[in-house]
$ cat structure-v1.csv   # CSV, C-alpha atoms
chain,number,residue,atom,x,y,z
A,1004,MET,CA,-7.8,-16.2,-0.9
A,1005,SER,CA,-10.6,-14.5,-2.9
A,1006,GLY,CA,-13.1,-16.1,-0.5
A,1007,LEU,CA,-12.0,-13.8,2.3
A,1008,ALA,CA,-13.9,-10.8,0.9
A,1009,THR,CA,-17.2,-12.4,-0.1
A,1010,GLY,CA,-17.3,-15.3,2.3
A,1011,ALA,CA,-15.4,-18.5,2.9
A,1012,ARG,CA,-15.4,-21.2,0.3
A,1013,PRO,CA,-14.3,-24.2,2.3
A,1014,ALA,CA,-12.9,-27.5,1.1
A,1015,GLU,CA,-14.9,-30.5,2.1
A,1016,LEU,CA,-12.7,-33.3,3.4
A,1017,PRO,CA,-13.7,-36.9,4.5
A,1018,ARG,CA,-13.6,-37.8,8.2
A,1019,ASP,CA,-10.9,-40.4,7.6
A,1020,SER,CA,-8.6,-37.7,6.2
A,1021,SER,CA,-5.0,-38.5,7.3
A,1022,PHE,CA,-4.3,-35.0,8.7
A,1023,LEU,CA,-6.9,-35.6,11.4
A,1024,PRO,CA,-5.8,-37.2,14.7
A,1025,ASP,CA,-7.4,-40.6,15.6
A,1026,ALA,CA,-9.5,-39.0,18.4
A,1027,ALA,CA,-11.0,-36.5,15.9
A,1028,ARG,CA,-11.8,-39.2,13.4
A,1029,ARG,CA,-13.6,-41.2,16.2
A,1030,PHE,CA,-15.5,-38.1,17.2
A,1031,LEU,CA,-16.7,-37.5,13.7
A,1032,ALA,CA,-17.7,-41.2,13.2
A,1033,VAL,CA,-19.6,-41.4,16.5
A,1034,GLY,CA,-21.3,-38.1,15.9
A,1035,GLY,CA,-22.4,-39.0,12.4
A,1036,PHE,CA,-20.4,-36.2,10.8
A,1037,PRO,CA,-19.4,-37.3,7.2
A,1038,GLY,CA,-16.3,-35.1,7.3
A,1039,VAL,CA,-15.0,-31.6,7.9
A,1040,TYR,CA,-14.9,-28.3,6.1
A,1041,ALA,CA,-11.7,-26.4,5.9
A,1042,VAL,CA,-10.4,-22.9,4.9
A,1043,GLY,CA,-6.6,-22.8,4.9
A,1044,GLU,CA,-4.0,-25.4,4.6
A,1045,THR,CA,-4.3,-28.5,6.8
A,1046,ALA,CA,-0.6,-28.4,7.4
A,1047,ALA,CA,-1.4,-25.8,10.1
A,1048,LEU,CA,-2.7,-28.7,12.2
A,1049,GLY,CA,0.7,-30.3,12.3
A,1050,GLY,CA,2.9,-30.4,15.4
A,1051,ARG,CA,1.8,-30.7,19.0
A,1052,ARG,CA,-1.7,-29.3,19.6
A,1053,LEU,CA,-3.0,-27.5,22.6
A,1054,ALA,CA,-6.8,-26.9,23.0
A,1055,LEU,CA,-7.5,-23.6,24.7
A,1056,PHE,CA,-10.8,-22.9,26.5
A,1057,CYS,CA,-12.1,-20.2,28.9
A,1058,SER,CA,-15.6,-19.5,30.3
A,1059,VAL,CA,-17.4,-16.3,29.2
A,1060,ARG,CA,-17.0,-14.7,32.7
A,1061,CYS,CA,-13.9,-15.3,34.7
A,1062,PRO,CA,-12.1,-13.7,37.7
A,1063,GLY,CA,-9.7,-10.8,37.2
A,1064,GLU,CA,-6.8,-12.9,38.3
A,1065,ILE,CA,-7.5,-15.4,35.6
A,1066,ILE,CA,-7.8,-12.7,33.0
A,1067,LEU,CA,-4.3,-11.4,33.8
A,1068,GLN,CA,-2.9,-14.9,33.7
A,1069,THR,CA,-4.6,-15.7,30.5
A,1070,TYR,CA,-3.1,-12.7,28.8
A,1071,ASP,CA,0.3,-13.9,30.0
A,1072,LEU,CA,-0.5,-17.4,28.8
A,1073,ALA,CA,-1.3,-16.2,25.2
A,1074,LEU,CA,1.9,-14.3,25.1
A,1075,ALA,CA,3.8,-17.4,26.3
A,1076,LEU,CA,2.1,-19.6,23.8
A,1077,ARG,CA,3.3,-17.4,20.9
A,1078,SER,CA,6.8,-18.7,21.5
A,1079,ALA,CA,6.0,-22.2,22.8
A,1080,GLY,CA,6.1,-23.9,19.4
A,1081,LEU,CA,2.6,-25.3,19.8
A,1082,THR,CA,-0.4,-25.3,17.5
A,1083,VAL,CA,-3.2,-23.7,19.5
A,1084,VAL,CA,-6.8,-25.0,18.8
A,1085,GLY,CA,-10.0,-23.4,20.0
A,1086,GLY,CA,-13.4,-22.0,19.2
A,1087,PHE,CA,-12.3,-18.6,20.3
A,1088,HIS,CA,-15.9,-17.5,21.0
A,1089,ALA,CA,-15.8,-16.3,24.6
A,1090,PRO,CA,-14.4,-12.8,25.2
A,1091,MET,CA,-11.1,-14.0,26.8
A,1092,GLU,CA,-10.7,-16.6,24.1
A,1093,ARG,CA,-11.1,-13.9,21.4
A,1094,GLU,CA,-8.5,-11.8,23.2
A,1095,CYS,CA,-6.1,-14.7,23.1
A,1096,LEU,CA,-6.8,-15.3,19.4
A,1097,ASP,CA,-5.9,-11.7,18.6
A,1098,LEU,CA,-2.6,-12.0,20.4
A,1099,LEU,CA,-1.8,-15.4,18.9
A,1100,LEU,CA,-2.5,-14.2,15.3
A,1101,ARG,CA,0.2,-11.6,15.8
A,1102,GLY,CA,2.7,-14.3,16.6
A,1103,ARG,CA,4.2,-17.1,14.4
A,1104,GLN,CA,2.7,-20.2,15.9
A,1105,PRO,CA,-0.1,-22.1,14.0
A,1106,VAL,CA,-3.7,-21.5,15.1
A,1107,VAL,CA,-6.8,-23.6,14.3
A,1108,VAL,CA,-10.1,-21.9,14.7
A,1109,CYS,CA,-13.2,-24.1,15.0
A,1110,PRO,CA,-16.5,-22.0,14.9
A,1111,ALA,CA,-19.7,-23.5,16.4
A,1112,ARG,CA,-21.4,-23.3,13.0
A,1113,SER,CA,-20.9,-24.0,9.3
A,1114,ILE,CA,-18.1,-22.0,7.7
A,1115,ASP,CA,-19.6,-22.2,4.2
A,1116,GLY,CA,-20.0,-18.6,3.1
A,1117,MET,CA,-18.8,-17.3,6.5
A,1118,ARG,CA,-17.2,-13.9,6.3
A,1119,LEU,CA,-13.7,-14.2,7.7
A,1120,PRO,CA,-12.0,-11.2,9.4
A,1121,GLY,CA,-9.4,-9.3,7.5
A,1122,ALA,CA,-6.9,-9.9,10.2
A,1123,TRP,CA,-7.0,-13.6,9.2
A,1124,ARG,CA,-5.8,-12.9,5.7
A,1125,THR,CA,-2.0,-12.8,6.4
A,1126,PRO,CA,-1.9,-15.9,8.7
A,1127,LEU,CA,-4.0,-17.9,6.2
A,1128,SER,CA,-1.5,-17.0,3.4
A,1129,GLU,CA,1.4,-17.9,5.7
A,1130,VAL,CA,-0.1,-21.4,6.3
A,1131,ARG,CA,-0.3,-20.8,10.0
A,1132,LEU,CA,-4.1,-20.5,10.3
A,1133,LEU,CA,-6.7,-23.2,9.6
A,1134,VAL,CA,-10.4,-22.7,10.0
A,1135,LEU,CA,-12.1,-26.0,10.5
A,1136,SER,CA,-15.7,-27.1,11.1
A,1137,PRO,CA,-17.6,-30.4,11.1
A,1138,PHE,CA,-20.9,-28.6,10.5
A,1139,ALA,CA,-22.9,-28.8,7.3
A,1140,PRO,CA,-23.6,-25.7,5.2
A,1141,GLU,CA,-27.2,-25.4,6.5
A,1142,GLN,CA,-26.0,-25.1,10.1
A,1143,ARG,CA,-25.3,-21.4,10.0
A,1144,ARG,CA,-26.5,-20.3,13.4
A,1145,VAL,CA,-24.6,-21.0,16.6
A,1146,THR,CA,-26.6,-23.0,19.1
A,1147,ALA,CA,-25.9,-24.5,22.5
A,1148,ARG,CA,-25.8,-28.0,20.9
A,1149,LEU,CA,-23.4,-26.9,18.2
A,1150,ALA,CA,-21.2,-25.2,20.7
A,1151,LYS,CA,-21.1,-28.4,22.8
A,1152,ASP,CA,-20.2,-30.5,19.8
A,1153,ARG,CA,-17.6,-27.9,18.7
A,1154,ASN,CA,-15.9,-28.0,22.1
A,1155,ARG,CA,-15.7,-31.8,22.0
A,1156,PHE,CA,-14.3,-31.6,18.4
A,1157,VAL,CA,-11.6,-29.1,19.5
A,1158,ALA,CA,-10.7,-31.4,22.4
A,1159,ALA,CA,-10.5,-34.3,20.1
A,1160,LEU,CA,-8.1,-32.4,17.8
A,1161,ALA,CA,-5.7,-31.6,20.6
A,1162,ASP,CA,-3.0,-33.6,22.3
A,1163,GLU,CA,-3.6,-31.6,25.5
A,1164,VAL,CA,-6.5,-29.5,26.8
A,1165,LEU,CA,-6.0,-26.3,28.8
A,1166,VAL,CA,-9.1,-24.8,30.5
A,1167,ALA,CA,-8.0,-21.3,31.7
A,1168,TYR,CA,-11.2,-21.1,33.7
A,1169,ALA,CA,-14.4,-23.0,33.9
A,1170,ALA,CA,-17.4,-21.7,35.8
A,1171,PRO,CA,-18.4,-24.3,38.4
A,1172,GLY,CA,-21.2,-26.5,37.1
A,1173,GLY,CA,-20.9,-25.1,33.6
A,1174,ARG,CA,-20.3,-26.8,30.2
A,1175,LEU,CA,-16.6,-26.3,30.3
A,1176,GLU,CA,-16.3,-28.0,33.7
A,1177,GLN,CA,-18.2,-31.0,32.2
A,1178,LEU,CA,-15.9,-31.0,29.2
A,1179,CYS,CA,-12.9,-31.1,31.6
A,1180,ARG,CA,-14.5,-34.0,33.3
A,1181,GLU,CA,-14.9,-35.8,30.0
A,1182,VAL,CA,-11.3,-35.1,28.9
A,1183,VAL,CA,-9.9,-36.4,32.2
A,1184,ALA,CA,-12.0,-39.5,31.9
A,1185,GLN,CA,-10.6,-40.1,28.4
A,1186,GLY,CA,-7.1,-40.0,29.8
A,1187,LYS,CA,-6.1,-37.0,27.8
A,1188,PRO,CA,-3.8,-34.5,29.6
A,1189,SER,CA,-5.9,-31.7,31.0
A,1190,LEU,CA,-4.4,-28.5,32.3
A,1191,THR,CA,-5.7,-25.4,34.1
A,1192,LEU,CA,-4.2,-22.2,35.4
A,1193,ALA,CA,-3.0,-22.2,38.9
A,1194,SER,CA,-5.5,-20.3,41.0
A,1195,ALA,CA,-7.9,-20.9,43.9
A,1196,ALA,CA,-10.7,-20.2,41.4
A,1197,ASN,CA,-9.7,-23.4,39.5
A,1198,ARG,CA,-9.6,-25.7,42.5
A,1199,HIS,CA,-12.7,-27.6,41.3
A,1200,LEU,CA,-10.9,-28.4,38.1
A,1201,VAL,CA,-7.8,-29.7,39.9
A,1202,GLU,CA,-10.1,-31.8,42.0
A,1203,LEU,CA,-11.4,-33.3,38.8
A,1204,GLY,CA,-7.9,-34.3,37.8
A,1205,ALA,CA,-6.7,-31.2,35.8
A,1206,ARG,CA,-3.0,-30.3,36.3
A,1207,ALA,CA,-2.4,-26.7,37.5
A,1208,VAL,CA,0.2,-24.8,35.5
A,1209,THR,CA,1.4,-21.2,35.2
A,1210,PRO,CA,1.9,-19.2,32.0
A,1211,GLU,CA,5.7,-19.3,32.7
A,1212,SER,CA,5.5,-23.1,32.3
A,1213,PHE,CA,5.0,-22.7,28.5
A,1214,GLY,CA,8.6,-22.0,27.4
A,1215,ALA,CA,10.4,-23.7,24.6
A,1216,ARG,CA,9.4,-27.0,26.1
A,1217,GLY,CA,5.7,-26.4,25.3
A,1218,ALA,CA,2.7,-27.9,27.1
A,1219,ALA,CA,4.2,-31.4,27.3
A,1220,GLY,CA,7.0,-30.1,29.6
A,1221,ALA,CA,4.8,-27.8,31.6
A,1222,ASP,CA,5.6,-27.8,35.3
A,1223,VAL,CA,2.9,-28.5,37.9
A,1224,ALA,CA,2.4,-25.4,39.9
A,1225,GLY,CA,3.4,-25.8,43.4
$ encode --input "structure-v1.csv" --output "C-alpha cells"
Amino acid sequence: MSGLATGARPAELPRDSSFLPDAARRFLAVGGFPGVYAVGETAALGGRRLALFCSVRCPGEIILQTYDLALALRSAGLTVVGGFHAPMERECLDLLLRGRQPVVVCPARSIDGMRLPGAWRTPLSEVRLLVLSPFAPEQRRVTARLAKDRNRFVAALADEVLVAYAAPGGRLEQLCREVVAQGKPSLTLASAANRHLVELGARAVTPESFGARGAAGADVAG
C-alpha cells in the first residue's frame, strides 16, 4: 500500500492472465495490448460483473434514478466495473466505495505513478477495489481515443453492461450499439430519455430491479 501516497506502482500482467474473462483477452489481443496493469488484488474481479456508464450530461430524472441505482448495487452482490470519469459516474463510485461490493476502476490512461485518492486506501486493503488499465506507462494523458478504448475494455470485462444514460449520437450510444451487436446483455434505466437505447436493443430496468438477484435477474420495466 505504500504506493498510495507517492503514486501507484502497478503489477504488469499478461493479456492471457486467467483472471481476465475471454472477451477481455480478445479485446487486448485485437487491440495489440500486451497485457494489463493492476493495482489491487485481481480477486476483486471475481463474481458477476456489471459495467456502468453514464454520459457527462444527463436529465434530472436520470440523475435521481442513478443515485438510487448506486445504492441498490451496494447490496446486489455484483462487481461494478467502470471508468468513473463522468460526473454521475464519479458520484456512483463514491457511493459504491462506501459499500461492501467489489469495484473495478479503469482509468483512460496509464496508472503507472498515478496518484490514487485516499478514499481508495481502505477498499484496496479489503480486496474489494481493483484499478486496472491496458495502457502503457507513457500514456499518461486522457484522450478521446484512450477513453473510447477504455470503454470497450470495461464492456469486455463485464457480463452485462448498463448505460444509465447516453446522449443521442454520442460515444456511449455507439458503445451500446456495439454491445448489443455482440450479443452481450445491455441494460438502461427506464425513462423516455433512453428510448433511443431501448430501440437499439437495450433492456429497460429500474433501480429496484437490482435486489439480491442482481443484474441477471433484473426485471424489464413495464
$ closest_atom_pairs --input "structure-v1.csv" --of "segment 1148-1182 of chain A" --to "segment 1108-1113 of chain A" --cutoff "9 Å" --atoms "only C-alpha atoms" --output "CSV"
residue,atom,partner,partner_atom,distance
A:Arg1148,CA,A:Ala1111,CA,8.8
A:Leu1149,CA,A:Ala1111,CA,5.3
A:Ala1150,CA,A:Ala1111,CA,4.9
A:Lys1151,CA,A:Ala1111,CA,8.2
A:Asp1152,CA,A:Ala1111,CA,7.8
A:Arg1153,CA,A:Ala1111,CA,5.4
A:Asn1154,CA,A:Ala1111,CA,8.2
A:Phe1156,CA,A:Cys1109,CA,8.3
A:Val1157,CA,A:Cys1109,CA,6.9
$ write_last_selection --input "structure-v1.csv" --atoms "C-alpha atoms" --output "PDB file, in the coordinates of the input"
ATOM      1  CA  ARG A1148     -25.800 -28.000  20.900  1.00  0.00           C
ATOM      2  CA  LEU A1149     -23.400 -26.900  18.200  1.00  0.00           C
ATOM      3  CA  ALA A1150     -21.200 -25.200  20.700  1.00  0.00           C
ATOM      4  CA  LYS A1151     -21.100 -28.400  22.800  1.00  0.00           C
ATOM      5  CA  ASP A1152     -20.200 -30.500  19.800  1.00  0.00           C
ATOM      6  CA  ARG A1153     -17.600 -27.900  18.700  1.00  0.00           C
ATOM      7  CA  ASN A1154     -15.900 -28.000  22.100  1.00  0.00           C
ATOM      8  CA  PHE A1156     -14.300 -31.600  18.400  1.00  0.00           C
ATOM      9  CA  VAL A1157     -11.600 -29.100  19.500  1.00  0.00           C
TER      10      VAL A1157
END
$ closest_residue --input "structure-v1.csv" --among "A:Ala1161, A:Gly1063, A:Leu1048, A:Phe1036" --to "Val1134 of chain A" --atoms "only C-alpha atoms"
A:Leu1048
$ closest_residue --input "structure-v1.csv" --among "A:Leu1135, A:Ala1089, A:Ala1054, A:Val1083" --to "Thr1191 of chain A" --atoms "all atoms listed in the file"
A:Ala1054
$ closest_residue --input "structure-v1.csv" --among "A:Met1091, A:Ile1066, A:Val1033, A:Leu1127" --to "Ala1196 of chain A" --atoms "only C-alpha atoms"
A:Ile1066
$ closest_residue --input "structure-v1.csv" --among "A:Leu1160, A:Ala1205, A:Val1042, A:Cys1179" --to "Ala1027 of chain A" --atoms "all atoms listed in the file"
A:Leu1160
$ closest_residue --input "structure-v1.csv" --among "A:Arg1144, A:Arg1101, A:Lys1187, A:Arg1131" --to "Thr1045 of chain A" --atoms "all atoms listed in the file"
A:Arg1131
$ residues_around --input "structure-v1.csv" --residues "Ala1170 of chain A" --least-positions-apart "5" --cutoff "8 Å" --atoms "all atoms listed in the file" --output "JSON, numbers by chain"
{"A": [1058, 1060, 1061, 1175, 1176]}
$ atom_distance --input "structure-v1.csv" --atom1 "atom CA of Gly1121 of chain A" --atom2 "atom CA of Leu1096 of chain A"
13.6 Å
$ closest_residue --input "structure-v1.csv" --among "A:Ala1159, A:Leu1100, A:Val1059, A:Ile1114" --to "Ala1139 of chain A" --atoms "all atoms listed in the file"
A:Ile1114
$ atom_distance --input "structure-v1.csv" --atom1 "atom CA of Leu1074 of chain A" --atom2 "atom CA of Ala1169 of chain A"
20.5 Å
$ residues_around --input "structure-v1.csv" --residues "Asp1097 of chain A" --least-positions-apart "3" --cutoff "12 Å" --atoms "all atoms listed in the file" --output "list in words"
Tyr1070, Ala1073, Leu1074, Arg1077, Phe1087, His1088, Pro1090, Met1091, Glu1092, Arg1093, Glu1094, Leu1100, Arg1101, Gly1102, Val1106, Val1108, Pro1120, Gly1121, Ala1122, Trp1123 and Pro1126 of chain A
$ residues_around --input "structure-v1.csv" --residues "Arg1206 of chain A" --least-positions-apart "2" --cutoff "7 Å" --atoms "all atoms listed in the file" --output "PyMOL selection string"
chain A and resi 1189-1191+1201+1204+1208+1223
$ atom_distance --input "structure-v1.csv" --atom1 "atom CA of Gly1049 of chain A" --atom2 "atom CA of Ala1184 of chain A"
25.1 Å
$ build_atoms --input "structure-v1.csv" --residues "segment 1067-1099 of chain A" --atoms "N, CA and C atoms" --output "compact mmCIF listing (two decimals), in the coordinates of the input"
# COMPACT_ATOMS: atom_id res chain seq x y z
N LEU A 1067 -5.74 -11.82 33.88
CA LEU A 1067 -4.30 -11.40 33.80
C LEU A 1067 -3.45 -12.60 33.42
N GLN A 1068 -3.70 -13.74 34.05
CA GLN A 1068 -2.90 -14.90 33.70
C GLN A 1068 -3.10 -15.39 32.30
N THR A 1069 -4.32 -15.26 31.81
CA THR A 1069 -4.60 -15.70 30.50
C THR A 1069 -3.94 -14.86 29.41
N TYR A 1070 -3.86 -13.55 29.65
CA TYR A 1070 -3.10 -12.70 28.80
C TYR A 1070 -1.62 -13.16 28.73
N ASP A 1071 -1.07 -13.42 29.91
CA ASP A 1071 0.30 -13.90 30.00
C ASP A 1071 0.46 -15.23 29.27
N LEU A 1072 -0.55 -16.08 29.42
CA LEU A 1072 -0.50 -17.40 28.80
C LEU A 1072 -0.48 -17.25 27.25
N ALA A 1073 -1.32 -16.37 26.70
CA ALA A 1073 -1.30 -16.20 25.20
C ALA A 1073 0.00 -15.70 24.74
N LEU A 1074 0.63 -14.79 25.47
CA LEU A 1074 1.90 -14.30 25.10
C LEU A 1074 2.98 -15.42 25.14
N ALA A 1075 2.89 -16.27 26.17
CA ALA A 1075 3.80 -17.40 26.30
C ALA A 1075 3.64 -18.40 25.18
N LEU A 1076 2.40 -18.64 24.80
CA LEU A 1076 2.10 -19.60 23.80
C LEU A 1076 2.65 -19.20 22.40
N ARG A 1077 2.82 -17.90 22.20
CA ARG A 1077 3.30 -17.40 20.90
C ARG A 1077 4.74 -17.92 20.65
N SER A 1078 5.47 -18.26 21.71
CA SER A 1078 6.80 -18.70 21.50
C SER A 1078 7.03 -20.17 21.99
N ALA A 1079 5.94 -20.86 22.26
CA ALA A 1079 6.00 -22.20 22.80
C ALA A 1079 6.16 -23.30 21.76
N GLY A 1080 5.96 -22.94 20.49
CA GLY A 1080 6.10 -23.90 19.40
C GLY A 1080 4.93 -24.91 19.37
N LEU A 1081 3.77 -24.50 19.86
CA LEU A 1081 2.60 -25.30 19.80
C LEU A 1081 1.57 -24.83 18.83
N THR A 1082 0.75 -25.74 18.31
CA THR A 1082 -0.40 -25.30 17.50
C THR A 1082 -1.57 -25.16 18.52
N VAL A 1083 -2.16 -23.98 18.56
CA VAL A 1083 -3.20 -23.70 19.50
C VAL A 1083 -4.57 -23.84 18.79
N VAL A 1084 -5.46 -24.65 19.36
CA VAL A 1084 -6.80 -25.00 18.80
C VAL A 1084 -7.85 -24.43 19.69
N GLY A 1085 -8.90 -23.83 19.11
CA GLY A 1085 -10.00 -23.40 20.00
C GLY A 1085 -11.18 -22.88 19.14
N GLY A 1086 -12.26 -22.65 19.84
CA GLY A 1086 -13.40 -22.00 19.20
C GLY A 1086 -13.30 -20.52 19.20
N PHE A 1087 -12.58 -19.99 20.20
CA PHE A 1087 -12.30 -18.60 20.30
C PHE A 1087 -13.58 -17.74 20.20
N HIS A 1088 -14.58 -18.16 20.99
CA HIS A 1088 -15.90 -17.50 21.00
C HIS A 1088 -16.06 -16.60 22.22
N ALA A 1089 -15.68 -17.11 23.40
CA ALA A 1089 -15.80 -16.30 24.60
C ALA A 1089 -14.87 -15.12 24.57
N PRO A 1090 -15.20 -14.04 25.29
CA PRO A 1090 -14.40 -12.80 25.20
C PRO A 1090 -12.90 -13.02 25.46
N MET A 1091 -12.56 -13.79 26.50
CA MET A 1091 -11.10 -14.00 26.80
C MET A 1091 -10.48 -14.84 25.72
N GLU A 1092 -11.21 -15.79 25.17
CA GLU A 1092 -10.70 -16.60 24.10
C GLU A 1092 -10.40 -15.72 22.84
N ARG A 1093 -11.29 -14.78 22.57
CA ARG A 1093 -11.10 -13.90 21.40
C ARG A 1093 -9.86 -12.99 21.62
N GLU A 1094 -9.66 -12.55 22.86
CA GLU A 1094 -8.50 -11.80 23.20
C GLU A 1094 -7.21 -12.59 22.90
N CYS A 1095 -7.25 -13.84 23.31
CA CYS A 1095 -6.10 -14.70 23.10
C CYS A 1095 -5.86 -14.91 21.58
N LEU A 1096 -6.92 -15.09 20.82
CA LEU A 1096 -6.80 -15.30 19.40
C LEU A 1096 -6.10 -14.07 18.75
N ASP A 1097 -6.52 -12.88 19.16
CA ASP A 1097 -5.90 -11.70 18.60
C ASP A 1097 -4.43 -11.62 18.87
N LEU A 1098 -4.02 -12.00 20.08
CA LEU A 1098 -2.60 -12.00 20.40
C LEU A 1098 -1.86 -13.12 19.65
N LEU A 1099 -2.48 -14.28 19.54
CA LEU A 1099 -1.80 -15.40 18.90
C LEU A 1099 -1.62 -15.14 17.39
